[in-house]
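J.: Below are the structure tokens for one structure; questions will follow.
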Amino acid sequence: MKNNFITLLASVLFVSCNSISGESTGIITTSDQKTSMVKSHMEAYMNKDSSVAEKLFAENLELYDQFSNNQKENKTVVNPGGRQGLIEGDKFAHILFSDVKVTTDKIQTYNLNDGRIYTAFWSMWSGKGNFTGKETTLPFYVISLWEGNQIAKIWRYMDPTAFNKEVAAYEGINKSSAKVLGLAELKINKGFKKSDVEEFMVRFTKFVRETEPNTYDFGYFISADGRRVNLVEKYYTAADFVHHLNNFEQSDYSKEFMTLFTLEKVIISGDTSEELKAKAKAYGAELRTQVGGWIN
């Protein structure tokens with residue numbers, strides 16, 4: 001286990017352009033003051049106590065969540081807010097989950113030969129969703145870089161899926177989701193058949209995938225008689241929906257779409273902006289706000 005974790009530490013440092021050089025990593029300790037401080041923070045976190053974090057982390061802390069699609073120009077995006085951002089995130093985790101537990105038996109501090117000091121731990125995080133009711137257990141890995149007696153940088157590794165689902169449920173209860181849905185009922189025009197729709201959708205879907213990274217659901221469904229199609233499109237924000245409409249209108253696909261289909265009903269649901277409302281008028285869309293449930 002120790003060898004596996006040293007390999008993990010070395011890989012993280014390499015990715016961040018601070019790879020360990022030389023044959024030895026230096027001294028590894030498990031009962032030093034820095035290890036104890038990190039353990040104290042984890043225990044305080046479980047008890048909803050941020051007092052340890054206030055002392056442990058530098059005010060301008062750099063926190064990097066190593067999640068997929070959290071990168072820009074091949075570098076992980078730093079979380080906003082520094083130390084306070086981390087503290088607020090920890091508080092929000094307790095809003096989302098109850099009975100939060102983190103194992104604290106695998107913490108080590110690495111005193112490297114070049115003077116750098118890292119504390120790393122690998123643990124199991126668990127909790128019960130306050131809004132989905134689902135129990136979650138997941139591996140949780142953290143590597144921290146010290147500057148003096150405070151932690152200046154953190155790299156976190158975990159699967160955020162359960163957290164994202166709990167956030168969606170939380171937003172549903174509080175009707176605070178920024179996501180927007182486009183729903184429509186389409187009639188297939190005379191002279192066209194199911195195979196024409198399928199051929200068009202192959203090309204149109206590819207276009208949307210390649211030009212609209214924030215169109216995250218894009219489904220078209222045909223009736224049994226092959227004469228009607230309904231669509232369900234989802235966007236992270238109203239601005240993303242506006243981008244989709246501009247993208248669509250400025251492409252040749254808009255002409256093909258209106259030749260192939262007749263719009264019978266359009267509904268735009270969710271947190272619409274004034275710009276999106278203006279766009280909706282051109283399509284005769286009905287606007288609806290969220291009243292319950294959740295949007296994944």
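Residues in the structure tokens are named by chain (A, B, ... in the order shown) and by number from 1 within that chain; ligands are numbered from 1 in the order shown.
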Among stretch 68-173 of chain A, which residues carry a DSSP assignment of helix (DSSP H, G or I), reported as a list of chain:residue names?

T.: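 Filtering stretch 68-173 of chain A to helix (DSSP H, G or I) leaves A:Gly82, A:Arg83, A:Gln84, A:Gly85, A:Leu86, A:Ile87, A:Glu88, A:Gly89, A:Asp90, A:Lys91, A:Phe92, A:Ala93, A:His94, A:Ile95, A:Leu96, A:Thr161, A:Ala162, A:Phe163, A:Asn164, A:Lys165, A:Glu166, A:Val167, A:Ala168, A:Ala169, A:Tyr170, A:Glu171, A:Gly172, A:Ile173.
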
J.: So which residues touch A:Phe200 within 12 Å, counting only C-alpha atoms, skipping near sequence neighbours fewer than 2 positions away, as a PyMOL selection string?

T.: chain A and resi 192-198+202-207+220+252-261

J.: Output C-alpha atoms for every residue in the selection just made, as an mmCIF file, in the first residue's frame.

T.:
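For reference, out.cif as written:
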```cif
data_model
loop_
_atom_site.group_PDB
_atom_site.id
_atom_site.type_symbol
_atom_site.label_atom_id
_atom_site.label_comp_id
_atom_site.auth_asym_id
_atom_site.auth_seq_id
_atom_site.Cartn_x
_atom_site.Cartn_y
_atom_site.Cartn_z
ATOM 1 C CA PHE A 192 -40.343 12.974 -45.698
ATOM 2 C CA LYS A 193 -40.115 9.676 -43.838
ATOM 3 C CA LYS A 194 -38.416 8.199 -40.787
ATOM 4 C CA SER A 195 -35.190 7.440 -42.646
ATOM 5 C CA ASP A 196 -34.906 11.115 -43.657
ATOM 6 C CA VAL A 197 -35.224 12.140 -40.021
ATOM 7 C CA GLU A 198 -32.621 9.592 -38.937
ATOM 8 C CA VAL A 202 -26.897 11.849 -37.444
ATOM 9 C CA ARG A 203 -25.423 14.978 -39.009
ATOM 10 C CA PHE A 204 -27.198 17.460 -36.735
ATOM 11 C CA THR A 205 -26.180 15.586 -33.561
ATOM 12 C CA LYS A 206 -22.550 15.535 -34.678
ATOM 13 C CA PHE A 207 -22.711 19.298 -35.302
ATOM 14 C CA TYR A 220 -35.188 13.270 -30.370
ATOM 15 C CA ASP A 252 -27.461 25.453 -42.729
ATOM 16 C CA TYR A 253 -29.131 23.023 -40.334
ATOM 17 C CA SER A 254 -31.821 25.564 -39.490
ATOM 18 C CA LYS A 255 -33.110 25.550 -43.100
ATOM 19 C CA GLU A 256 -33.022 21.750 -43.229
ATOM 20 C CA PHE A 257 -34.785 21.533 -39.874
ATOM 21 C CA MET A 258 -37.654 23.801 -40.924
ATOM 22 C CA THR A 259 -37.983 21.975 -44.241
ATOM 23 C CA LEU A 260 -38.174 18.618 -42.504
ATOM 24 C CA PHE A 261 -40.339 19.620 -39.536
#
```

J.: Kindly give the distance, in Å, that separates atom CA of A:Glu43 and atom CA of A:Leu112, rounded to a single decimal.

T.: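 Atom CA of A:Glu43 sits 26.4 Å away from atom CA of A:Leu112.
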
J.: For A:Lys279, work out the shell of residues within 12 Å, counting only C-alpha atoms and skipping chain neighbours fewer than 4 positions away, then give it as a ChimeraX atom specification.

T.: /A:238-239,241-246,249,268,272-275,283-287

J.: So how far away is atom CA of A:Phe248 from atom CA of A:Glu212, in Å?

T.: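 Atom CA of A:Phe248 lies 10.2 Å from atom CA of A:Glu212.
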
J.: Any idea what's packed within 8 Å of A:Asp271, counting only C-alpha atoms, ignoring anything in its chain fewer than 5 positions away? Could you give it as a list in words?

T.: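 These residues fall inside the cut-off: Ser177, Ala178, Lys179, Val180, Thr237, Ala238, Thr289 and Gln290 of chain A.
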
J.: Please produce, as CSV, a per-residue contact table for stretch 139-207 of chain A versus stretch 30-36 of chain A (criterion: any atom at most 12 Å away, only C-alpha atoms considered), showing the nearest atom pair and its distance in Å to one decimal, sorted by chain then residue number.

T.:
```
residue,atom,partner,partner_atom,distance
A:Ile143,CA,A:Thr35,CA,11.7
A:Ser144,CA,A:Lys34,CA,10.5
A:Leu145,CA,A:Lys34,CA,10.8
A:Trp146,CA,A:Lys34,CA,8.9
A:Glu147,CA,A:Lys34,CA,11.3
A:Gly148,CA,A:Lys34,CA,10.2
A:Asn149,CA,A:Lys34,CA,7.8
A:Gln150,CA,A:Lys34,CA,9.0
A:Ile151,CA,A:Lys34,CA,9.5
```

J.: Quick check, in Å to one decimal: how far apart do atom CA of A:Lys153 and atom CA of A:Glu62 lie?

T.: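 Interatomic distance here is 4.7 Å.
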
J.: Can you work out which one of A:Leu181, A:Val229, A:Val78, A:Ala169 has the shortest atom-to-atom distance to A:Thr215, counting only C-alpha atoms?

T.: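 With only C-alpha atoms as the atom set, the closest residue is A:Leu181.
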
J.: For A:Ile28, please output as a list in words all residues within 7 Å (counting only C-alpha atoms; exclusion window: fewer than 5 positions along the same chain).

T.: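 The residues that qualify are Gln108, Thr109, Tyr110 and Asn111 of chain A.
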
J.: Quick one: residues within 9 Å of A:Lys187, only C-alpha atoms counted, chain neighbours fewer than 2 positions away excluded, as a list of chain:residue names?

T.: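 After dropping sequence-adjacent residues, the list is A:Glu185, A:Asn189, A:Arg227, A:Arg228, A:Val229, A:Asn230, A:Leu260, A:Phe261, A:Thr262, A:Leu263, A:Glu264.
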
J.: Env of A:Ala53: 8 Å cut, atoms = only C-alpha atoms, seq-sep filter 2 positions within chain, self excluded. Answer as a PyMOL selection string.

T.: chain A and resi 41+50-51+55-57+83+87

J.: Could you turn the residues from that selection into a file that holds C-alpha atoms, as a short mmCIF file (atom, residue, chain, number, x, y, z; two decimals), in the first residue's frame?

T.:
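So part_34.cif came out as:
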```cif
data_model
loop_
_atom_site.label_atom_id
_atom_site.label_comp_id
_atom_site.auth_asym_id
_atom_site.auth_seq_id
_atom_site.Cartn_x
_atom_site.Cartn_y
_atom_site.Cartn_z
CA HIS A 41 -8.82 18.86 10.43
CA SER A 50 -14.08 24.90 10.65
CA SER A 51 -11.81 26.27 13.38
CA LYS A 55 -5.43 27.88 11.07
CA LEU A 56 -4.30 24.99 8.86
CA PHE A 57 -4.80 26.46 5.39
CA ARG A 83 -9.26 29.00 2.21
CA ILE A 87 -14.49 26.04 4.22
#
```

J.: Counting only C-alpha atoms, figure out which residue out of A:Leu183, A:Gly172, A:Glu210, A:Gln250 gets nearest to A:Ser269.

T.: A:Leu183
